[in-house]
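Structure data follow from entry-v9.csv (CSV, N, CA and C atoms):
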```
chain,number,residue,atom,x,y,z
G,1,MET,N,0.8,-1.2,0.0
G,1,MET,CA,0.0,0.0,0.0
G,1,MET,C,0.9,1.2,0.0
G,2,LYS,N,0.6,2.2,-0.9
G,2,LYS,CA,1.3,3.4,-1.0
G,2,LYS,C,0.9,4.4,0.1
G,3,SER,N,1.8,5.0,0.7
G,3,SER,CA,1.5,6.0,1.8
G,3,SER,C,1.3,7.4,1.1
G,4,ASN,N,0.3,8.1,1.6
G,4,ASN,CA,0.0,9.5,1.2
G,4,ASN,C,0.6,10.5,2.1
G,5,ARG,N,1.5,10.1,2.9
G,5,ARG,CA,2.1,11.0,3.9
G,5,ARG,C,3.0,11.9,3.1
G,6,PRO,N,3.2,13.2,3.6
G,6,PRO,CA,4.2,14.1,3.0
G,6,PRO,C,5.6,13.5,3.1
G,7,VAL,N,6.4,13.9,2.1
G,7,VAL,CA,7.7,13.4,2.0
G,7,VAL,C,8.6,14.6,2.1
G,8,ASN,N,9.6,14.5,3.0
G,8,ASN,CA,10.6,15.6,3.1
G,8,ASN,C,11.7,15.5,2.1
G,9,LEU,N,11.8,16.5,1.2
G,9,LEU,CA,12.8,16.5,0.2
G,9,LEU,C,13.9,17.3,0.6
G,10,SER,N,15.1,16.9,0.1
G,10,SER,CA,16.3,17.8,0.3
G,10,SER,C,16.2,19.0,-0.6
G,11,MET,N,17.0,20.0,-0.3
G,11,MET,CA,16.9,21.3,-1.1
G,11,MET,C,17.4,21.0,-2.5
G,12,GLY,N,18.3,20.0,-2.7
G,12,GLY,CA,18.7,19.7,-4.0
G,12,GLY,C,17.6,19.1,-4.8
G,13,GLN,N,16.8,18.2,-4.2
G,13,GLN,CA,15.6,17.6,-4.9
G,13,GLN,C,14.6,18.7,-5.2
G,14,VAL,N,14.4,19.6,-4.3
G,14,VAL,CA,13.4,20.6,-4.6
G,14,VAL,C,13.8,21.5,-5.7
G,15,LEU,N,15.1,21.9,-5.7
G,15,LEU,CA,15.6,22.7,-6.8
G,15,LEU,C,15.6,21.9,-8.1
G,16,ASP,N,15.9,20.7,-8.1
G,16,ASP,CA,15.9,19.8,-9.3
G,16,ASP,C,14.6,19.8,-10.0
G,17,VAL,N,13.5,19.7,-9.1
G,17,VAL,CA,12.2,19.7,-9.7
G,17,VAL,C,11.7,21.1,-10.1
G,18,ASN,N,12.0,22.1,-9.3
G,18,ASN,CA,11.5,23.5,-9.6
G,18,ASN,C,12.2,24.2,-10.7
G,19,LEU,N,13.5,23.9,-10.9
G,19,LEU,CA,14.2,24.7,-11.9
G,19,LEU,C,14.0,24.2,-13.4
G,20,LYS,N,13.1,23.3,-13.5
G,20,LYS,CA,12.7,22.8,-14.9
G,20,LYS,C,11.5,23.5,-15.4
G,21,SER,N,10.8,24.3,-14.5
G,21,SER,CA,9.5,24.9,-14.9
G,21,SER,C,9.7,26.4,-14.9
G,22,PRO,N,9.4,27.1,-16.0
G,22,PRO,CA,9.5,28.6,-16.0
G,22,PRO,C,8.5,29.2,-15.0
G,23,VAL,N,7.4,28.6,-14.7
G,23,VAL,CA,6.4,29.1,-13.8
G,23,VAL,C,7.1,29.1,-12.4
G,24,ALA,N,7.7,28.0,-12.0
G,24,ALA,CA,8.4,27.9,-10.7
G,24,ALA,C,9.5,28.9,-10.6
G,25,ILE,N,10.3,29.0,-11.7
G,25,ILE,CA,11.4,30.0,-11.7
G,25,ILE,C,10.9,31.4,-11.5
G,26,ALA,N,9.8,31.8,-12.2
G,26,ALA,CA,9.2,33.1,-12.1
G,26,ALA,C,8.7,33.3,-10.7
G,27,SER,N,8.1,32.3,-10.1
G,27,SER,CA,7.6,32.5,-8.8
G,27,SER,C,8.7,32.7,-7.7
G,28,ILE,N,9.7,31.9,-7.8
G,28,ILE,CA,10.8,32.0,-6.9
G,28,ILE,C,11.5,33.4,-7.0
G,29,LEU,N,11.8,33.8,-8.3
G,29,LEU,CA,12.4,35.1,-8.5
G,29,LEU,C,11.5,36.2,-8.1
G,30,HIS,N,10.2,36.1,-8.2
G,30,HIS,CA,9.3,37.2,-7.7
G,30,HIS,C,9.4,37.4,-6.2
G,31,ARG,N,9.5,36.3,-5.5
G,31,ARG,CA,9.6,36.4,-4.1
G,31,ARG,C,11.0,36.9,-3.7
G,32,LEU,N,12.0,36.5,-4.4
G,32,LEU,CA,13.4,37.0,-4.1
G,32,LEU,C,13.5,38.5,-4.4
G,33,SER,N,12.9,38.9,-5.5
G,33,SER,CA,13.0,40.3,-5.9
G,33,SER,C,12.2,41.2,-4.9
G,34,GLY,N,11.2,40.6,-4.4
G,34,GLY,CA,10.4,41.4,-3.3
G,34,GLY,C,11.2,41.6,-2.1
G,35,VAL,N,12.0,40.6,-1.7
G,35,VAL,CA,12.8,40.7,-0.5
G,35,VAL,C,14.0,41.7,-0.8
G,36,ILE,N,14.6,41.6,-1.9
G,36,ILE,CA,15.6,42.5,-2.3
G,36,ILE,C,15.2,44.0,-2.2
G,37,VAL,N,14.0,44.2,-2.9
G,37,VAL,CA,13.5,45.6,-2.9
G,37,VAL,C,13.2,46.0,-1.5
G,38,PHE,N,12.5,45.2,-0.7
G,38,PHE,CA,12.2,45.5,0.7
G,38,PHE,C,13.4,45.9,1.5
G,39,LEU,N,14.5,45.1,1.4
G,39,LEU,CA,15.7,45.4,2.2
G,39,LEU,C,16.5,46.6,1.7
G,40,LEU,N,16.4,46.9,0.4
G,40,LEU,CA,17.2,48.1,-0.1
G,40,LEU,C,16.4,49.4,0.0
G,41,VAL,N,15.1,49.4,0.2
G,41,VAL,CA,14.4,50.7,0.2
G,41,VAL,C,14.9,51.6,1.3
G,42,PRO,N,15.2,51.1,2.6
G,42,PRO,CA,15.7,52.0,3.6
G,42,PRO,C,17.0,52.6,3.3
G,43,VAL,N,17.9,51.8,2.6
G,43,VAL,CA,19.2,52.3,2.3
G,43,VAL,C,19.1,53.5,1.2
G,44,LEU,N,18.2,53.3,0.2
G,44,LEU,CA,18.1,54.3,-0.8
G,44,LEU,C,17.3,55.5,-0.2
G,45,LEU,N,16.4,55.3,0.7
G,45,LEU,CA,15.8,56.4,1.3
G,45,LEU,C,16.7,57.3,2.1
G,46,TRP,N,17.7,56.6,2.8
G,46,TRP,CA,18.7,57.3,3.6
G,46,TRP,C,19.6,58.1,2.6
G,47,ILE,N,20.0,57.5,1.5
G,47,ILE,CA,20.8,58.2,0.5
G,47,ILE,C,20.0,59.5,0.0
G,48,LEU,N,18.7,59.3,-0.3
G,48,LEU,CA,17.9,60.4,-0.8
G,48,LEU,C,17.8,61.5,0.3
G,49,ASP,N,17.6,61.1,1.5
G,49,ASP,CA,17.5,62.1,2.6
G,49,ASP,C,18.8,62.8,2.8
G,50,LYS,N,19.9,62.1,2.7
G,50,LYS,CA,21.2,62.7,2.8
G,50,LYS,C,21.5,63.7,1.7
G,51,SER,N,21.0,63.4,0.4
G,51,SER,CA,21.3,64.2,-0.7
G,51,SER,C,20.4,65.5,-0.6
G,52,LEU,N,19.3,65.4,0.0
G,52,LEU,CA,18.4,66.6,0.1
G,52,LEU,C,18.6,67.4,1.3
G,53,SER,N,19.4,67.0,2.2
G,53,SER,CA,19.6,67.7,3.5
G,53,SER,C,20.4,69.0,3.4
G,54,SER,N,21.4,69.0,2.5
G,54,SER,CA,22.2,70.2,2.4
G,54,SER,C,23.0,70.1,1.1
G,55,PRO,N,23.6,71.2,0.7
G,55,PRO,CA,24.5,71.1,-0.5
G,55,PRO,C,25.7,70.2,-0.2
G,56,GLU,N,26.2,70.2,1.1
G,56,GLU,CA,27.3,69.3,1.5
G,56,GLU,C,26.9,67.8,1.4
G,57,GLY,N,25.6,67.6,1.9
G,57,GLY,CA,25.1,66.2,1.8
G,57,GLY,C,25.0,65.7,0.4
G,58,PHE,N,24.6,66.6,-0.5
G,58,PHE,CA,24.4,66.3,-1.9
G,58,PHE,C,25.8,66.0,-2.5
G,59,ALA,N,26.8,66.7,-2.1
G,59,ALA,CA,28.2,66.5,-2.6
G,59,ALA,C,28.7,65.1,-2.1
G,60,GLN,N,28.4,64.8,-0.8
G,60,GLN,CA,28.8,63.5,-0.3
G,60,GLN,C,28.1,62.4,-1.0
G,61,VAL,N,26.9,62.5,-1.4
G,61,VAL,CA,26.2,61.4,-2.1
G,61,VAL,C,26.8,61.3,-3.5
G,62,GLN,N,27.1,62.4,-4.1
G,62,GLN,CA,27.8,62.4,-5.4
G,62,GLN,C,29.1,61.6,-5.3
G,63,ALA,N,29.8,61.9,-4.3
G,63,ALA,CA,31.1,61.2,-4.1
G,63,ALA,C,30.9,59.7,-3.8
G,64,ILE,N,29.8,59.4,-3.1
G,64,ILE,CA,29.5,58.0,-2.8
G,64,ILE,C,29.2,57.2,-4.1
G,65,PHE,N,28.5,57.9,-5.0
G,65,PHE,CA,28.1,57.3,-6.3
G,65,PHE,C,29.3,57.1,-7.3
G,66,ASP,N,30.4,57.6,-6.9
G,66,ASP,CA,31.6,57.4,-7.8
G,66,ASP,C,32.1,55.9,-7.6
G,67,SER,N,31.7,55.3,-6.5
G,67,SER,CA,32.1,53.9,-6.2
G,67,SER,C,31.3,52.9,-7.0
G,68,PHE,N,32.0,51.9,-7.5
G,68,PHE,CA,31.4,50.9,-8.3
G,68,PHE,C,30.4,50.1,-7.4
G,69,ILE,N,30.8,49.8,-6.2
G,69,ILE,CA,29.9,49.0,-5.3
G,69,ILE,C,28.6,49.7,-5.1
G,70,VAL,N,28.5,51.0,-4.9
G,70,VAL,CA,27.3,51.7,-4.6
G,70,VAL,C,26.4,51.6,-5.9
G,71,ARG,N,27.0,51.9,-7.0
G,71,ARG,CA,26.2,51.8,-8.3
G,71,ARG,C,25.7,50.4,-8.5
G,72,PHE,N,26.5,49.4,-8.1
G,72,PHE,CA,26.1,48.0,-8.2
G,72,PHE,C,24.9,47.7,-7.3
G,73,ILE,N,24.9,48.2,-6.1
G,73,ILE,CA,23.8,48.0,-5.2
G,73,ILE,C,22.5,48.7,-5.7
G,74,VAL,N,22.7,49.9,-6.2
G,74,VAL,CA,21.6,50.6,-6.8
G,74,VAL,C,21.0,49.8,-8.0
G,75,TRP,N,21.9,49.2,-8.8
G,75,TRP,CA,21.5,48.4,-9.9
G,75,TRP,C,20.7,47.1,-9.4
G,76,VAL,N,21.2,46.5,-8.4
G,76,VAL,CA,20.5,45.4,-7.8
G,76,VAL,C,19.1,45.7,-7.4
G,77,PHE,N,18.9,46.9,-6.8
G,77,PHE,CA,17.6,47.4,-6.4
G,77,PHE,C,16.7,47.6,-7.6
G,78,VAL,N,17.3,48.3,-8.6
G,78,VAL,CA,16.5,48.5,-9.9
G,78,VAL,C,16.2,47.2,-10.6
G,79,ALA,N,17.1,46.3,-10.6
G,79,ALA,CA,16.8,45.0,-11.2
G,79,ALA,C,15.7,44.3,-10.5
G,80,GLY,N,15.8,44.3,-9.2
G,80,GLY,CA,14.7,43.7,-8.4
G,80,GLY,C,13.4,44.3,-8.6
G,81,LEU,N,13.4,45.7,-8.7
G,81,LEU,CA,12.2,46.4,-8.9
G,81,LEU,C,11.6,46.1,-10.3
G,82,ILE,N,12.4,46.1,-11.3
G,82,ILE,CA,12.0,45.8,-12.7
G,82,ILE,C,11.3,44.4,-12.7
G,83,TYR,N,12.0,43.4,-12.2
G,83,TYR,CA,11.4,42.0,-12.2
G,83,TYR,C,10.2,41.9,-11.4
G,84,HIS,N,10.2,42.5,-10.2
G,84,HIS,CA,9.0,42.4,-9.3
G,84,HIS,C,7.8,43.1,-10.0
G,85,PHE,N,8.0,44.2,-10.7
G,85,PHE,CA,7.0,44.9,-11.4
G,85,PHE,C,6.4,44.1,-12.5
G,86,ILE,N,7.2,43.5,-13.3
G,86,ILE,CA,6.8,42.8,-14.5
G,86,ILE,C,6.1,41.5,-14.0
G,87,ALA,N,6.6,40.8,-13.0
G,87,ALA,CA,6.0,39.6,-12.5
G,87,ALA,C,4.7,39.9,-11.8
G,88,GLY,N,4.6,41.1,-11.2
G,88,GLY,CA,3.4,41.5,-10.5
G,88,GLY,C,2.3,41.7,-11.5
G,89,ILE,N,2.6,42.3,-12.7
G,89,ILE,CA,1.7,42.5,-13.7
G,89,ILE,C,1.2,41.1,-14.2
G,90,LYS,N,2.1,40.2,-14.4
G,90,LYS,CA,1.7,38.8,-14.8
G,90,LYS,C,0.7,38.2,-13.8
G,91,HIS,N,1.0,38.4,-12.5
G,91,HIS,CA,0.1,37.9,-11.5
G,91,HIS,C,-1.3,38.6,-11.5
G,92,LEU,N,-1.3,39.9,-11.7
G,92,LEU,CA,-2.5,40.6,-11.8
G,92,LEU,C,-3.4,40.1,-13.0
G,93,LEU,N,-2.7,39.9,-14.1
G,93,LEU,CA,-3.4,39.4,-15.3
G,93,LEU,C,-4.0,38.0,-15.0
G,94,ALA,N,-3.2,37.1,-14.3
G,94,ALA,CA,-3.7,35.8,-13.9
G,94,ALA,C,-4.9,35.9,-13.0
G,95,ASP,N,-4.9,36.9,-12.1
G,95,ASP,CA,-6.0,37.1,-11.2
G,95,ASP,C,-7.3,37.5,-11.9
G,96,MET,N,-7.1,38.2,-13.1
G,96,MET,CA,-8.3,38.6,-13.9
G,96,MET,C,-8.7,37.4,-14.8
G,97,GLY,N,-8.0,36.3,-14.8
G,97,GLY,CA,-8.4,35.2,-15.6
G,97,GLY,C,-7.6,35.0,-16.9
G,98,ILE,N,-6.6,35.9,-17.1
G,98,ILE,CA,-5.8,35.8,-18.3
G,98,ILE,C,-4.5,35.0,-18.0
G,99,ALA,N,-4.3,34.0,-18.8
G,99,ALA,CA,-3.0,33.2,-18.7
G,99,ALA,C,-3.0,32.5,-17.4
G,100,GLU,N,-4.1,31.9,-17.0
G,100,GLU,CA,-4.0,31.1,-15.7
G,100,GLU,C,-4.0,29.6,-15.9
G,101,GLU,N,-4.2,29.2,-17.2
G,101,GLU,CA,-4.1,27.8,-17.5
G,101,GLU,C,-2.7,27.4,-17.5
G,102,LEU,N,-2.4,26.1,-17.6
G,102,LEU,CA,-1.0,25.6,-17.5
G,102,LEU,C,-0.2,26.1,-18.7
G,103,GLN,N,-0.6,25.9,-19.9
G,103,GLN,CA,0.3,26.3,-21.1
G,103,GLN,C,0.4,27.8,-21.2
G,104,SER,N,-0.7,28.5,-21.0
G,104,SER,CA,-0.7,30.0,-21.1
G,104,SER,C,0.1,30.6,-19.9
G,105,GLY,N,0.0,29.9,-18.8
G,105,GLY,CA,0.8,30.4,-17.6
G,105,GLY,C,2.3,30.2,-17.8
G,106,ARG,N,2.7,29.1,-18.5
G,106,ARG,CA,4.1,28.9,-18.8
G,106,ARG,C,4.5,30.0,-19.8
G,107,LEU,N,3.7,30.3,-20.8
G,107,LEU,CA,4.0,31.3,-21.8
G,107,LEU,C,4.2,32.6,-21.1
G,108,ALA,N,3.2,33.0,-20.2
G,108,ALA,CA,3.3,34.3,-19.5
G,108,ALA,C,4.5,34.4,-18.7
G,109,ALA,N,4.9,33.3,-18.0
G,109,ALA,CA,6.1,33.3,-17.2
G,109,ALA,C,7.3,33.5,-18.0
G,110,THR,N,7.4,32.8,-19.2
G,110,THR,CA,8.5,32.9,-20.1
G,110,THR,C,8.6,34.3,-20.6
G,111,ILE,N,7.5,34.9,-21.0
G,111,ILE,CA,7.5,36.3,-21.5
G,111,ILE,C,8.0,37.3,-20.4
G,112,ALA,N,7.5,37.0,-19.2
G,112,ALA,CA,7.9,37.9,-18.0
G,112,ALA,C,9.4,37.8,-17.8
G,113,LEU,N,9.9,36.6,-17.9
G,113,LEU,CA,11.4,36.4,-17.7
G,113,LEU,C,12.2,37.1,-18.8
G,114,ILE,N,11.7,37.0,-20.0
G,114,ILE,CA,12.4,37.6,-21.1
G,114,ILE,C,12.4,39.1,-21.0
G,115,LEU,N,11.2,39.7,-20.8
G,115,LEU,CA,11.1,41.1,-20.7
G,115,LEU,C,11.9,41.7,-19.5
G,116,SER,N,11.9,40.9,-18.4
G,116,SER,CA,12.7,41.4,-17.2
G,116,SER,C,14.2,41.3,-17.6
G,117,ALA,N,14.6,40.3,-18.3
G,117,ALA,CA,16.0,40.2,-18.6
G,117,ALA,C,16.5,41.4,-19.5
G,118,ILE,N,15.6,41.7,-20.4
G,118,ILE,CA,15.9,42.9,-21.3
G,118,ILE,C,16.0,44.1,-20.4
G,119,GLY,N,15.0,44.4,-19.6
G,119,GLY,CA,15.1,45.6,-18.7
G,119,GLY,C,16.2,45.6,-17.7
G,120,ILE,N,16.6,44.4,-17.2
G,120,ILE,CA,17.7,44.4,-16.3
G,120,ILE,C,19.0,44.6,-16.9
G,121,VAL,N,19.2,44.1,-18.1
G,121,VAL,CA,20.5,44.3,-18.9
G,121,VAL,C,20.5,45.8,-19.3
G,122,ALA,N,19.4,46.4,-19.7
G,122,ALA,CA,19.4,47.8,-20.0
G,122,ALA,C,19.7,48.7,-18.8
G,123,SER,N,19.2,48.3,-17.7
G,123,SER,CA,19.5,49.1,-16.5
G,123,SER,C,20.9,48.9,-16.0
G,124,PHE,N,21.5,47.7,-16.3
G,124,PHE,CA,22.9,47.6,-15.9
G,124,PHE,C,23.8,48.5,-16.8
G,125,VAL,N,23.5,48.6,-18.0
G,125,VAL,CA,24.3,49.4,-18.9
G,125,VAL,C,24.1,50.9,-18.5
G,126,TRP,N,22.9,51.3,-18.1
G,126,TRP,CA,22.6,52.7,-17.7
G,126,TRP,C,23.2,53.0,-16.4
G,127,ILE,N,23.2,52.1,-15.4
G,127,ILE,CA,23.6,52.5,-14.0
G,127,ILE,C,25.1,52.2,-13.8
G,128,VAL,N,25.5,51.0,-14.1
G,128,VAL,CA,26.8,50.5,-13.7
G,128,VAL,C,27.9,51.0,-14.7
G,129,LEU,N,27.6,50.9,-16.0
G,129,LEU,CA,28.6,51.2,-17.0
G,129,LEU,C,28.6,52.6,-17.3
```

Written as structure tokens, that's how I'd like the structure from this file.
Amino acid sequence: MKSNRPVNLSMGQVLDVNLKSPVAIASILHRLSGVIVFLLVPVLLWILDKSLSSPEGFAQVQAIFDSFIVRFIVWVFVAGLIYHFIAGIKHLLADMGIAEELQSGRLAATIALILSAIGIVASFVWIVL
């Protein structure tokens, strides 16, 4: 007799199953991008506050942005925002009944991944380079 009890899978087994589906990849990246945006908003708000506080603060922020690491962190935020926005639109469309079946959901996830990749590469060229 086969048991219907839940099976505990190792992380490798979970990733092996989930990394084959564009829908699973899109879902995992949507959650990850949300965490990235959530964690970096306070940092960027602090930078904005510093830049608006005084002319000296603005000069300090300009000097900070000469660093590659700071521009890279800003790019990570923008990349997360781009992906989260596009995947959010995909989820809103699915909530309205558009592309919620299996095949159309896979197509929507693939389109979201491609559009996000284009936007993320463009933002990398704009911010980092």

Please identify every residue of stretch 31-108 of chain G that has at least one atom no farther than 6.5 Å from an atom of stretch 4-26 of chain G, counting all atoms listed in the file, and for each give the shortest atom pair and the distance in Å to one decimal, arranged by chain then increasing number, as JSON lines.
```
{"residue": "G:Arg31", "atom": "N", "partner": "G:Ala26", "partner_atom": "C", "distance": 6.1}
{"residue": "G:Gly105", "atom": "C", "partner": "G:Val23", "partner_atom": "CA", "distance": 5.8}
{"residue": "G:Arg106", "atom": "CA", "partner": "G:Val23", "partner_atom": "N", "distance": 5.3}
```

task: as number ranges by chain, list the residues of stretch 1-105 of chain G assigned to helix (DSSP H, G or I) by DSSP on the backbone atoms of this structure.
output: G: 11-18, 22-53, 55-64, 68-95, 102-105

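The gap separating atom CA of G:Val70 from atom CA of G:Ile28 is 25.8 Å, in Å to one decimal.
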
- line: Computed gap from atom CA of G:Ile118 to atom N of G:Leu92 is 19.9 Å

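Going from atom CA of G:Gly34 to atom CA of G:Phe85 covers 9.5 Å.
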
Give me, as a compact mmCIF listing (two decimals) with N, CA and C atoms, keeping the file's coordinate frame, all polymer residues having an atom no more than 12 Å from G:Ala117, counting only C-alpha atoms and skipping those fewer than 3 positions away in the same chain.
```txt
# COMPACT_ATOMS: atom_id res chain seq x y z
N ALA G 26 9.80 31.80 -12.20
CA ALA G 26 9.20 33.10 -12.10
C ALA G 26 8.70 33.30 -10.70
N LEU G 29 11.80 33.80 -8.30
CA LEU G 29 12.40 35.10 -8.50
C LEU G 29 11.50 36.20 -8.10
N ALA G 79 17.10 46.30 -10.60
CA ALA G 79 16.80 45.00 -11.20
C ALA G 79 15.70 44.30 -10.50
N GLY G 80 15.80 44.30 -9.20
CA GLY G 80 14.70 43.70 -8.40
C GLY G 80 13.40 44.30 -8.60
N ILE G 82 12.40 46.10 -11.30
CA ILE G 82 12.00 45.80 -12.70
C ILE G 82 11.30 44.40 -12.70
N TYR G 83 12.00 43.40 -12.20
CA TYR G 83 11.40 42.00 -12.20
C TYR G 83 10.20 41.90 -11.40
N HIS G 84 10.20 42.50 -10.20
CA HIS G 84 9.00 42.40 -9.30
C HIS G 84 7.80 43.10 -10.00
N ILE G 86 7.20 43.50 -13.30
CA ILE G 86 6.80 42.80 -14.50
C ILE G 86 6.10 41.50 -14.00
N ALA G 87 6.60 40.80 -13.00
CA ALA G 87 6.00 39.60 -12.50
C ALA G 87 4.70 39.90 -11.80
N THR G 110 7.40 32.80 -19.20
CA THR G 110 8.50 32.90 -20.10
C THR G 110 8.60 34.30 -20.60
N ILE G 111 7.50 34.90 -21.00
CA ILE G 111 7.50 36.30 -21.50
C ILE G 111 8.00 37.30 -20.40
N ALA G 112 7.50 37.00 -19.20
CA ALA G 112 7.90 37.90 -18.00
C ALA G 112 9.40 37.80 -17.80
N LEU G 113 9.90 36.60 -17.90
CA LEU G 113 11.40 36.40 -17.70
C LEU G 113 12.20 37.10 -18.80
N ILE G 114 11.70 37.00 -20.00
CA ILE G 114 12.40 37.60 -21.10
C ILE G 114 12.40 39.10 -21.00
N ILE G 120 16.60 44.40 -17.20
CA ILE G 120 17.70 44.40 -16.30
C ILE G 120 19.00 44.60 -16.90
N VAL G 121 19.20 44.10 -18.10
CA VAL G 121 20.50 44.30 -18.90
C VAL G 121 20.50 45.80 -19.30
N ALA G 122 19.40 46.40 -19.70
CA ALA G 122 19.40 47.80 -20.00
C ALA G 122 19.70 48.70 -18.80
N SER G 123 19.20 48.30 -17.70
CA SER G 123 19.50 49.10 -16.50
C SER G 123 20.90 48.90 -16.00
N PHE G 124 21.50 47.70 -16.30
CA PHE G 124 22.90 47.60 -15.90
C PHE G 124 23.80 48.50 -16.80
```

Could all heavy atoms be built for stretch 103-110 of chain G and written out as an mmCIF file, keeping the file's coordinate frame?
```cif
data_model
loop_
_atom_site.group_PDB
_atom_site.id
_atom_site.type_symbol
_atom_site.label_atom_id
_atom_site.label_comp_id
_atom_site.auth_asym_id
_atom_site.auth_seq_id
_atom_site.Cartn_x
_atom_site.Cartn_y
_atom_site.Cartn_z
ATOM 1 N N GLN G 103 -0.600 25.900 -19.900
ATOM 2 C CA GLN G 103 0.300 26.300 -21.100
ATOM 3 C C GLN G 103 0.400 27.800 -21.200
ATOM 4 O O GLN G 103 1.454 28.345 -21.403
ATOM 5 C CB GLN G 103 -0.309 25.713 -22.364
ATOM 6 C CG GLN G 103 -0.155 24.216 -22.466
ATOM 7 C CD GLN G 103 1.304 23.781 -22.362
ATOM 8 O OE1 GLN G 103 2.213 24.441 -22.847
ATOM 9 N NE2 GLN G 103 1.525 22.666 -21.680
ATOM 10 N N SER G 104 -0.700 28.500 -21.000
ATOM 11 C CA SER G 104 -0.700 30.000 -21.100
ATOM 12 C C SER G 104 0.100 30.600 -19.900
ATOM 13 O O SER G 104 0.752 31.608 -20.035
ATOM 14 C CB SER G 104 -2.081 30.593 -21.197
ATOM 15 O OG SER G 104 -2.852 30.243 -20.052
ATOM 16 N N GLY G 105 0.000 29.900 -18.800
ATOM 17 C CA GLY G 105 0.800 30.400 -17.600
ATOM 18 C C GLY G 105 2.300 30.200 -17.800
ATOM 19 O O GLY G 105 3.087 31.066 -17.458
ATOM 20 N N ARG G 106 2.700 29.100 -18.500
ATOM 21 C CA ARG G 106 4.100 28.900 -18.800
ATOM 22 C C ARG G 106 4.500 30.000 -19.800
ATOM 23 O O ARG G 106 5.648 30.493 -19.707
ATOM 24 C CB ARG G 106 4.291 27.513 -19.418
ATOM 25 C CG ARG G 106 4.268 26.430 -18.402
ATOM 26 C CD ARG G 106 4.563 25.089 -19.016
ATOM 27 N NE ARG G 106 4.520 24.070 -17.978
ATOM 28 C CZ ARG G 106 4.280 22.804 -18.200
ATOM 29 N NH1 ARG G 106 4.055 22.379 -19.429
ATOM 30 N NH2 ARG G 106 4.254 21.945 -17.217
ATOM 31 N N LEU G 107 3.700 30.300 -20.800
ATOM 32 C CA LEU G 107 4.000 31.300 -21.800
ATOM 33 C C LEU G 107 4.200 32.600 -21.100
ATOM 34 O O LEU G 107 5.123 33.387 -21.383
ATOM 35 C CB LEU G 107 3.001 31.316 -22.906
ATOM 36 C CG LEU G 107 3.236 32.355 -23.994
ATOM 37 C CD1 LEU G 107 4.532 32.066 -24.736
ATOM 38 C CD2 LEU G 107 2.057 32.397 -24.938
ATOM 39 N N ALA G 108 3.200 33.000 -20.200
ATOM 40 C CA ALA G 108 3.300 34.300 -19.500
ATOM 41 C C ALA G 108 4.500 34.400 -18.700
ATOM 42 O O ALA G 108 5.172 35.424 -18.607
ATOM 43 C CB ALA G 108 2.020 34.457 -18.712
ATOM 44 N N ALA G 109 4.900 33.300 -18.000
ATOM 45 C CA ALA G 109 6.100 33.300 -17.200
ATOM 46 C C ALA G 109 7.300 33.500 -18.000
ATOM 47 O O ALA G 109 8.243 34.216 -17.644
ATOM 48 C CB ALA G 109 6.170 31.987 -16.353
ATOM 49 N N THR G 110 7.400 32.800 -19.200
ATOM 50 C CA THR G 110 8.500 32.900 -20.100
ATOM 51 C C THR G 110 8.600 34.300 -20.600
ATOM 52 O O THR G 110 9.726 34.914 -20.633
ATOM 53 C CB THR G 110 8.404 31.915 -21.213
ATOM 54 O OG1 THR G 110 8.294 30.601 -20.657
ATOM 55 C CG2 THR G 110 9.612 31.969 -22.115
#
```
